[in-house]
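The structure under discussion appears below in the form of structure tokens.
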Amino acid sequence: MFEQLAVVLKSYNRWSVRTLVVLGMLWPAFVYWYVQGEYLDPLGYINLFGPMLLVFFGALGSKAKSEFVPFRSRLIPHWSLAHLAVAAGLSVVVVLFLAGTAAISLHGNFSEGHWKDVSYLGMFGFLWFLALMFFSVGYFSGPAFLGGMPLVFALLVFRGHDFLRLISILVQGKQPGIVTIVILIDAVGSVALVRRMLHVDEEMAERRWTVTFDPREQQRQMWSREAPDRGIRQNISSWMFRSLDEIQRPLRQDLPSQIRHFQLGIMAPRGYMAVSVLMVLIFWTINLVTGNPFPVSDYFFWSLLGINSVFAQVMFSQRNSFQWIFMLPLRRREIVIRYFGALLTSVLKMWFSYILAIFVVQWMPFPGSVAGAPPLLSMIESFAALFPLFGIMTLVLMWPREVRAKRAVVLVLLVAVLITLIAVTIGKVTKMHEPAPVFTIAAFLTGIGLIWFSYRRWLRADLA
Amino acid sequence: MTEAILELQGVSKSFKNKSVLERIDLSIPRGSVVGLLGKNGAGKTTLLKCALGLLKTNSGTSRIFGEDSWDLSGETKARIGYVPQKIDLYAWMKVRQMISYYAAFYARWNDALTQALLSDWELDAEDRVGKLSEGQVQKLGLILAMGHEPDLLILDEPAASLDPQARRTFLAAVIEIAGNHDRTVILSTHLTSDLERVASDIVLLKSGVISYSGSMDELKESVKSLTLRTERKLPANLVLPGLLKCETHDNHAVLTMKGVTTDRIRSLENDYAATVEVRDLTLEDIFVEVHRV
């Protein structure tokens with residue numbers, strides 16, 4: 001049995017293990033930075049733990065799926081039990097490590113006032129619930145477990161709002177009945193999930209959902225779930241991609257027309273304004289429910305979201321497309337310019353639709369209640385940040401999938417250093433002491449340089 | 001002399017430190033249907049990608065229609081059709097939208113041919129691309145590659161995922177293209193029976209080196225199976241020039257040899273006082289034997 005466990009342990013790929021080890025080493029430092037000498041209340045503790053649990057249990061669920069769902073688990077003796085034992089063992093080790101190092105890092109930062117009425121059982125129950133939920137997301141959706149990120153986002157968005165008040169009821173132990181119910185849900189849920197994993201067959205949902213790491217197969221599965229009749233999804237997607245039905249042949253020779261055509265190939269939908277309107281309605285609803293204006297201080301987030309909205313699907317699926325895209329009847333240089341143009345235009349449009357919504361919500365937090373114009377500089381900073389991010393993403397997109405993650409980390413660090421150096425230089429030359437405008441100019445200049453560098457690299461790269 | 005459509009001279013390509021192609025010289029004349037054969041990992045896909053300028057060669061030159069492959073002009077690319085081994089088309093588009101998107105780039109597009117192939121291959125123009133099976137995506141890739149009626153069609157394992165009926169239609173389309181002597185087809189495949197039906201020339205690639213390049217007929221004419229029968233006992237290991245395989249059983253032996261000529265057969269009959277029976281080999285037999293040594 002021990003030999004089997006050792007073999008199973010080796011099946012965890014080295015990259016995941018290394019990532020886990022690096023995150024583990026950074027964890028105490030992160031906790032120290034997060035606390036910064038302040039007292040940490042139970043909700044802060046949960047906020048601290050949540051993302052780590054997401055990363056670990058999401059990845060573990062995804063790994064479990066790859067081991068339990070294929071035929072091997074049913075045909076190879078002891079396969080399931082060995083994998084289950086190793087997953088359970090790893091979970092205990094990681095949770096103890098997280099809790100232990102966090103406790104050491106938090107030493108002296110506990111305020112008796114904050115922790116006086118805390119139900120440790122309630123906290124345990126809630127964290128167990130989170131772990132189970134993240135594991136389930138990983139297990140049922142496979143590599144797409146990052147779909148659980150919106151949950152973390154929701155935690156951040158609702159920080160200080162009603163969502164955390166619900167958690168407070170749990171961790172403050174004022175209602176032991178609820179704590180008991182949560183613990184019961186955790187236990188029943190865990191047993192049911194383990195039972196399901198041990199008896200999984202080919203007709204179960206987890207088998208039909210994404211099993212493969214092959215993007216083509218994942219896309220096939222995603223689109224094959226679409227109803228064949230003209231249901232609401234069909235109608236929405238027809239509206240989103242209506243421009244595909246209006247393609248002019250042959251393509252006009254001017255650059256803007258060709259960039260617009262390339263945009264169709266990066267799934268850039270119509271209806272950017274619709275995104276803005278929808279966001280405003282969502283934020284207004286949140287504000288009305290919570291009674292507080294939605295706090296928007298970090299505009300950089302919206303730059304990231306704008307970039308992510310466009311690059312996520314391109315990054316995931318399109319590298320294999322380059323081999324026919326680059327055989328289209330245009331010179332390589334012309335293709336790169338049009339492709340970059342299409343990506344950048346889409347990014348700018350997405351970013352603008354987000355920023356417009358944020359502007360409206362800050363200017364008018366509740367329908368009919370005007371609070372005043374939000375700071376313009378934050379928006380300019382956010383705009384400038386788009387350019388280095390765009391440069392980074394186009395370089396990452398060019399690299400083969402196997403080396404992307406490693407190189408991306410190095411590149412981000414290099415760009416951060418570069419922006420800082422340029423900002424310091426600009427500050428010294430212009431004698432500007434305000435960091436925000438200096439960094440904004442530095443980010444913009446670095447971004448333009450990086451995009452040029454990326455363009456040059458694309459001209460010389462093996463793209464097939 | 002027939003004009004070379006594709007010309008590689010001394011092309012080498014390696015990934016990191018692994019050499020995939022070594023000093024490849026190849027010339028493909030106009031109007032030929034060339035079958036590229038090789039084991040998995042022999043470098044067939046890399047060779048095609050280097051030829052098309054999708055991969056940069058480490059050394060040597062590659063030219064298509066006289067232009068440097070690495071920087072082909074739009075006009076030259078419009079004369080090329082290419083179906084990659086793994087083709088990722090846009091999953092969110094419908095089949096007809098994908099065709100429109102693609103066709104828009106070309107000044108000349110044969111809608112009638114596209115419609116005929118869609119119908120023959122039973123592809124629904126209203127289906128989303130992401131919903132298609134691997135074989136259907138392959139069919140769509142072929143339609144996209146053939147719609148602009150290219151002068152040079154390069155197909156990397158095009159029939160691997162096709163059902164027998166679709167393969168037959170596809171081969172018929174290739175034969176039709178080949179019938180127009182201005183068109184050239186390069187076809188990489190493991191399906192030797194398909195190649196025997198359509199290819200006029202064969203390029204055998206073995207560990208990144210071309211081991212044979214020439215006409216299919218010459219290849220089949222030069223590699224034969226010989227059965228030697230004699231009264232005396234034959235040595236266990238016969239050493240003969242061009243011997244690919246030898247199975248000796250006392251007084252008879254079955255040999256697979258390349259470079260078989262009437263003179264060599266006579267020489268064998270005299271040397272071993274044997275009768276020699278000559279048998280033709282299929283392309284698959286030749287492929288297996290060539291890769292055995």
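Just remember, in the structure tokens the first chain shown is A, the second B, etc., residues are 1-based per chain, and ligands are 1-based in the order shown.
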
Checklist entry - Residues of region 343-449 of chain A in alpha helix (DSSP H) according to DSSP, as a PyMOL selection string? => result chain A and resi 343-363+376-398+401-430+435-449

Could the residues in this selection be written to a file with C-alpha atoms, as a JSON list (two decimals), in the first residue's frame?
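Printed below is result.json as written:
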[["chain", "number", "residue", "atom", "x", "y", "z"],
["A", 343, "LEU", "CA", -6.55, 43.21, -29.87],
["A", 344, "LEU", "CA", -5.77, 46.77, -28.76],
["A", 345, "THR", "CA", -9.04, 48.17, -30.10],
["A", 346, "SER", "CA", -10.99, 45.47, -28.29],
["A", 347, "VAL", "CA", -9.08, 46.07, -25.05],
["A", 348, "LEU", "CA", -9.69, 49.83, -25.24],
["A", 349, "LYS", "CA", -13.38, 49.33, -25.92],
["A", 350, "MET", "CA", -13.82, 46.89, -23.03],
["A", 351, "TRP", "CA", -11.86, 49.14, -20.67],
["A", 352, "PHE", "CA", -13.90, 52.15, -21.73],
["A", 353, "SER", "CA", -17.17, 50.35, -21.13],
["A", 354, "TYR", "CA", -16.05, 49.41, -17.59],
["A", 355, "ILE", "CA", -14.70, 52.86, -16.78],
["A", 356, "LEU", "CA", -17.84, 54.52, -18.10],
["A", 357, "ALA", "CA", -19.94, 52.38, -15.77],
["A", 358, "ILE", "CA", -17.67, 53.14, -12.80],
["A", 359, "PHE", "CA", -17.76, 56.84, -13.63],
["A", 360, "VAL", "CA", -21.56, 56.83, -13.67],
["A", 361, "VAL", "CA", -21.82, 54.86, -10.42],
["A", 362, "GLN", "CA", -19.36, 57.15, -8.62],
["A", 363, "TRP", "CA", -20.99, 60.25, -10.00],
["A", 376, "LEU", "CA", -9.86, 62.06, -13.40],
["A", 377, "LEU", "CA", -6.25, 61.17, -12.55],
["A", 378, "SER", "CA", -7.25, 57.66, -11.39],
["A", 379, "MET", "CA", -8.81, 57.04, -14.77],
["A", 380, "ILE", "CA", -5.75, 58.32, -16.60],
["A", 381, "GLU", "CA", -3.57, 56.02, -14.44],
["A", 382, "SER", "CA", -5.83, 53.12, -15.32],
["A", 383, "PHE", "CA", -5.61, 54.03, -19.03],
["A", 384, "ALA", "CA", -1.81, 54.26, -18.91],
["A", 385, "ALA", "CA", -1.61, 50.87, -17.20],
["A", 386, "LEU", "CA", -3.30, 49.28, -20.22],
["A", 387, "PHE", "CA", -0.22, 49.76, -22.38],
["A", 388, "PRO", "CA", 2.41, 47.83, -20.39],
["A", 389, "LEU", "CA", -0.23, 45.19, -19.69],
["A", 390, "PHE", "CA", -0.97, 44.94, -23.40],
["A", 391, "GLY", "CA", 2.75, 44.63, -24.20],
["A", 392, "ILE", "CA", 3.15, 41.88, -21.61],
["A", 393, "MET", "CA", 0.11, 39.97, -22.82],
["A", 394, "THR", "CA", 1.10, 40.05, -26.49],
["A", 395, "LEU", "CA", 4.54, 38.70, -25.59],
["A", 396, "VAL", "CA", 3.02, 35.99, -23.41],
["A", 397, "LEU", "CA", 0.59, 35.08, -26.21],
["A", 398, "MET", "CA", 3.51, 34.61, -28.58],
["A", 401, "ARG", "CA", 2.10, 27.32, -23.71],
["A", 402, "GLU", "CA", 4.71, 25.28, -21.79],
["A", 403, "VAL", "CA", 6.94, 28.26, -20.99],
["A", 404, "ARG", "CA", 4.34, 31.00, -20.66],
["A", 405, "ALA", "CA", 3.83, 30.96, -16.90],
["A", 406, "LYS", "CA", 7.53, 30.97, -16.01],
["A", 407, "ARG", "CA", 8.47, 33.68, -18.50],
["A", 408, "ALA", "CA", 5.43, 35.79, -17.62],
["A", 409, "VAL", "CA", 6.49, 36.02, -13.97],
["A", 410, "VAL", "CA", 9.99, 37.18, -14.94],
["A", 411, "LEU", "CA", 8.58, 39.63, -17.48],
["A", 412, "VAL", "CA", 6.14, 41.20, -15.01],
["A", 413, "LEU", "CA", 8.95, 41.70, -12.50],
["A", 414, "LEU", "CA", 11.19, 43.22, -15.17],
["A", 415, "VAL", "CA", 8.48, 45.59, -16.35],
["A", 416, "ALA", "CA", 7.75, 46.67, -12.76],
["A", 417, "VAL", "CA", 11.44, 47.44, -12.22],
["A", 418, "LEU", "CA", 11.63, 49.27, -15.54],
["A", 419, "ILE", "CA", 8.59, 51.44, -14.78],
["A", 420, "THR", "CA", 10.04, 52.30, -11.37],
["A", 421, "LEU", "CA", 13.41, 53.25, -12.85],
["A", 422, "ILE", "CA", 11.81, 55.42, -15.55],
["A", 423, "ALA", "CA", 9.51, 57.04, -12.98],
["A", 424, "VAL", "CA", 12.45, 57.88, -10.71],
["A", 425, "THR", "CA", 14.34, 59.34, -13.69],
["A", 426, "ILE", "CA", 11.34, 61.42, -14.78],
["A", 427, "GLY", "CA", 10.89, 62.62, -11.19],
["A", 428, "LYS", "CA", 14.51, 63.73, -10.99],
["A", 429, "VAL", "CA", 14.54, 65.43, -14.40],
["A", 430, "THR", "CA", 11.20, 67.24, -14.05],
["A", 435, "PRO", "CA", 4.36, 59.81, -7.51],
["A", 436, "ALA", "CA", 1.03, 59.23, -9.31],
["A", 437, "PRO", "CA", 1.59, 61.37, -12.43],
["A", 438, "VAL", "CA", 5.24, 60.33, -12.67],
["A", 439, "PHE", "CA", 4.36, 56.64, -12.55],
["A", 440, "THR", "CA", 1.53, 57.19, -15.02],
["A", 441, "ILE", "CA", 3.89, 58.73, -17.56],
["A", 442, "ALA", "CA", 6.47, 56.00, -16.90],
["A", 443, "ALA", "CA", 3.87, 53.26, -17.35],
["A", 444, "PHE", "CA", 2.66, 54.78, -20.61],
["A", 445, "LEU", "CA", 6.18, 55.16, -22.03],
["A", 446, "THR", "CA", 7.21, 51.67, -20.92],
["A", 447, "GLY", "CA", 4.02, 50.29, -22.43],
["A", 448, "ILE", "CA", 4.64, 51.87, -25.81],
["A", 449, "GLY", "CA", 8.23, 50.57, -25.80]]

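Summary of the local environment: counting only C-alpha atoms, residues at most 9 Å from Leu219 (chain B), other than itself and those fewer than 2 positions away along its chain, are Asp201, Ile202, Tyr212, Ser213, Gly214, Ser215, Met216, Asp217, Glu221, Ser222, Val223, Lys258, Gly259, Leu283 and Ile286 of chain B.
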
Pull N, CA and C atoms from the residues just selected and write them as a PDB file, in the first residue's frame.
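File produced: again.pdb:
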ATOM      1  N   ASP B 201       4.543  11.311 -56.713  1.00  0.00           N
ATOM      2  CA  ASP B 201       5.903  11.295 -56.158  1.00  0.00           C
ATOM      3  C   ASP B 201       5.855  11.008 -54.657  1.00  0.00           C
ATOM      4  N   ILE B 202       6.956  10.498 -54.170  1.00  0.00           N
ATOM      5  CA  ILE B 202       7.048  10.161 -52.747  1.00  0.00           C
ATOM      6  C   ILE B 202       8.314  10.771 -52.156  1.00  0.00           C
ATOM      7  N   TYR B 212      14.378   8.949 -49.368  1.00  0.00           N
ATOM      8  CA  TYR B 212      14.019   8.750 -50.774  1.00  0.00           C
ATOM      9  C   TYR B 212      13.196   9.932 -51.239  1.00  0.00           C
ATOM     10  N   SER B 213      13.485  10.369 -52.435  1.00  0.00           N
ATOM     11  CA  SER B 213      12.670  11.404 -53.049  1.00  0.00           C
ATOM     12  C   SER B 213      12.633  11.112 -54.544  1.00  0.00           C
ATOM     13  N   GLY B 214      11.456  10.828 -55.038  1.00  0.00           N
ATOM     14  CA  GLY B 214      11.353  10.508 -56.456  1.00  0.00           C
ATOM     15  C   GLY B 214       9.962  10.034 -56.784  1.00  0.00           C
ATOM     16  N   SER B 215       9.827   9.439 -57.962  1.00  0.00           N
ATOM     17  CA  SER B 215       8.470   9.060 -58.359  1.00  0.00           C
ATOM     18  C   SER B 215       8.033   7.791 -57.631  1.00  0.00           C
ATOM     19  N   MET B 216       6.739   7.691 -57.434  1.00  0.00           N
ATOM     20  CA  MET B 216       6.164   6.530 -56.755  1.00  0.00           C
ATOM     21  C   MET B 216       6.494   5.255 -57.542  1.00  0.00           C
ATOM     22  N   ASP B 217       6.364   5.339 -58.873  1.00  0.00           N
ATOM     23  CA  ASP B 217       6.601   4.159 -59.698  1.00  0.00           C
ATOM     24  C   ASP B 217       8.043   3.682 -59.555  1.00  0.00           C
ATOM     25  N   GLU B 221       9.251   0.231 -58.153  1.00  0.00           N
ATOM     26  CA  GLU B 221      10.016  -0.588 -59.095  1.00  0.00           C
ATOM     27  C   GLU B 221      11.353  -1.005 -58.494  1.00  0.00           C
ATOM     28  N   SER B 222      11.898  -0.134 -57.630  1.00  0.00           N
ATOM     29  CA  SER B 222      13.249  -0.403 -57.131  1.00  0.00           C
ATOM     30  C   SER B 222      13.250  -1.257 -55.861  1.00  0.00           C
ATOM     31  N   VAL B 223      12.164  -1.277 -55.113  1.00  0.00           N
ATOM     32  CA  VAL B 223      12.140  -2.083 -53.885  1.00  0.00           C
ATOM     33  C   VAL B 223      11.233  -3.289 -54.128  1.00  0.00           C
ATOM     34  N   LYS B 258      16.361  -3.010 -52.035  1.00  0.00           N
ATOM     35  CA  LYS B 258      16.142  -1.854 -52.895  1.00  0.00           C
ATOM     36  C   LYS B 258      17.208  -1.841 -53.988  1.00  0.00           C
ATOM     37  N   GLY B 259      16.906  -1.151 -55.043  1.00  0.00           N
ATOM     38  CA  GLY B 259      17.821  -1.110 -56.185  1.00  0.00           C
ATOM     39  C   GLY B 259      17.802  -2.424 -56.954  1.00  0.00           C
ATOM     40  N   LEU B 283       3.141   0.065 -51.022  1.00  0.00           N
ATOM     41  CA  LEU B 283       3.846   1.199 -50.428  1.00  0.00           C
ATOM     42  C   LEU B 283       4.004   0.995 -48.916  1.00  0.00           C
ATOM     43  N   ILE B 286       6.885  -1.289 -48.293  1.00  0.00           N
ATOM     44  CA  ILE B 286       8.152  -0.563 -48.527  1.00  0.00           C
ATOM     45  C   ILE B 286       8.445   0.359 -47.346  1.00  0.00           C
TER      46      ILE B 286
END

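Within 6 Å of chain A, chain B contributes the residues Leu54, Leu55, Ser73, Gly74, Lys77, Ala78, Asp88, Gln97, Ala104, Phe105, Ala107, Gly130 and Lys131 of chain B, using only C-alpha atoms.
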
What does the file look like for those residues with C-alpha atoms, as a CSV table (one decimal), in the first residue's frame?
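Written file, selection-v3.csv:
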chain,number,residue,atom,x,y,z
B,54,LEU,CA,5.6,29.2,-40.2
B,55,LEU,CA,8.8,28.0,-38.5
B,73,SER,CA,3.8,38.3,-50.1
B,74,GLY,CA,0.0,38.3,-49.9
B,77,LYS,CA,-0.1,33.3,-50.0
B,78,ALA,CA,-3.3,33.6,-52.0
B,88,ASP,CA,-8.2,25.5,-34.3
B,97,GLN,CA,-19.6,32.6,-40.9
B,104,ALA,CA,-13.2,37.7,-47.3
B,105,PHE,CA,-9.4,37.7,-47.4
B,107,ALA,CA,-10.0,38.1,-54.1
B,130,GLY,CA,-17.0,24.6,-31.7
B,131,LYS,CA,-19.7,21.9,-31.9

Checklist entry - Could you state the separation of CA of Leu228 (chain B) and CA of Phe287 (chain B) in Å, given to one decimal place? => result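 According to the coordinates, CA of Leu228 (chain B) and CA of Phe287 (chain B) are separated by 22.3 Å.
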
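Those residues that approach region 187-193 of chain A to within 10 Å, counting only C-alpha atoms, are Gly125, Trp128, Phe129, Leu132, Met133, Phe135, Ser136, Tyr139, Ile181, Val182, Ile183, Leu184, Ile185, Arg195, Arg196, Met197, Leu198 and His199 of chain A; same-chain residues fewer than 2 positions away are not listed.
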
Dump C-alpha atoms for the selected residues as a JSON list (two decimals), in the first residue's frame?
[["chain", "number", "residue", "atom", "x", "y", "z"],
["A", 125, "GLY", "CA", -17.18, 25.02, 9.88],
["A", 128, "TRP", "CA", -14.39, 23.63, 5.86],
["A", 129, "PHE", "CA", -17.34, 24.83, 3.81],
["A", 132, "LEU", "CA", -15.34, 21.79, 0.16],
["A", 133, "MET", "CA", -16.83, 24.35, -2.21],
["A", 135, "PHE", "CA", -12.66, 21.44, -4.17],
["A", 136, "SER", "CA", -16.07, 20.78, -5.75],
["A", 139, "TYR", "CA", -13.59, 18.58, -9.31],
["A", 181, "ILE", "CA", -26.25, 23.12, 10.64],
["A", 182, "VAL", "CA", -23.14, 24.30, 8.77],
["A", 183, "ILE", "CA", -20.98, 21.56, 10.31],
["A", 184, "LEU", "CA", -23.65, 19.02, 9.38],
["A", 185, "ILE", "CA", -23.79, 20.35, 5.80],
["A", 195, "ARG", "CA", -18.87, 8.51, -2.21],
["A", 196, "ARG", "CA", -19.56, 10.00, -5.62],
["A", 197, "MET", "CA", -15.85, 10.08, -6.47],
["A", 198, "LEU", "CA", -15.46, 6.44, -5.53],
["A", 199, "HIS", "CA", -18.40, 5.40, -7.68]]

Next on the checklist: Could you list, as number ranges by chain, every residue within 7 Å of Asp127 (chain B), counting only C-alpha atoms and ignoring same-chain residues fewer than 3 positions away?
Outcome noted: B: 94-95, 124, 131

Which polymer residues have any atom within 6 Å of an atom of region 23-35 of chain B, counting only C-alpha atoms, with same-chain residues fewer than 6 positions away left out, as an mmCIF file with C-alpha atoms, in the first residue's frame?
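Below is the file selection.cif, written as the result:
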data_model
loop_
_atom_site.group_PDB
_atom_site.id
_atom_site.type_symbol
_atom_site.label_atom_id
_atom_site.label_comp_id
_atom_site.auth_asym_id
_atom_site.auth_seq_id
_atom_site.Cartn_x
_atom_site.Cartn_y
_atom_site.Cartn_z
ATOM 1 C CA THR B 2 9.552 21.617 -65.001
ATOM 2 C CA GLU B 3 9.473 24.686 -62.791
ATOM 3 C CA ALA B 4 9.994 23.997 -59.061
ATOM 4 C CA ILE B 5 7.084 25.291 -56.976
ATOM 5 C CA LEU B 6 8.764 24.554 -53.687
ATOM 6 C CA GLU B 7 12.486 24.417 -53.198
ATOM 7 C CA LEU B 8 14.387 23.650 -50.003
ATOM 8 C CA GLN B 9 18.163 23.822 -49.895
ATOM 9 C CA GLY B 10 20.158 22.659 -46.896
ATOM 10 C CA VAL B 11 17.273 23.270 -44.499
ATOM 11 C CA SER B 12 17.945 22.365 -40.880
ATOM 12 C CA HIS B 181 -1.487 20.039 -64.232
ATOM 13 C CA ASP B 182 -0.832 23.565 -63.003
ATOM 14 C CA ARG B 183 -1.731 22.574 -59.468
ATOM 15 C CA THR B 184 0.597 20.946 -56.983
ATOM 16 C CA VAL B 185 -0.396 18.961 -53.910
ATOM 17 C CA ILE B 186 1.833 17.985 -51.010
ATOM 18 C CA LEU B 187 0.251 15.461 -48.735
ATOM 19 C CA SER B 188 1.658 14.201 -45.468
ATOM 20 C CA ALA B 199 0.501 10.483 -55.317
ATOM 21 C CA SER B 200 2.819 10.717 -58.291
ATOM 22 C CA ASP B 201 5.903 11.295 -56.158
ATOM 23 C CA ILE B 202 7.048 10.161 -52.747
#

Next on the checklist: Among region 115-283 of chain B, which residues does DSSP mark as strand (DSSP E or B) when it is run on the backbone? Keep the chain and numbering as in the structure and answer as a PyMOL selection string.
Outcome noted: chain B and resi 128+152-156+184-188+201-206+209-215+223-230+243-249+252-258+274-280

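Proximity to Val280 (chain A) was assessed for A:Phe57, A:Trp33, A:Phe453, A:Phe366 counting only C-alpha atoms; the smallest distance is recorded for A:Phe366.
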
Checklist entry - Glu289 (chain B): which residues within 8 Å, counting only C-alpha atoms, same-chain residues fewer than 4 positions away excluded, as an NGL selection string? => result :B and (244-245 or 256 or 285 or 293)

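For the pair CA of Ala103 (chain B) and CA of Asp71 (chain B), the separation is 21.8 Å.
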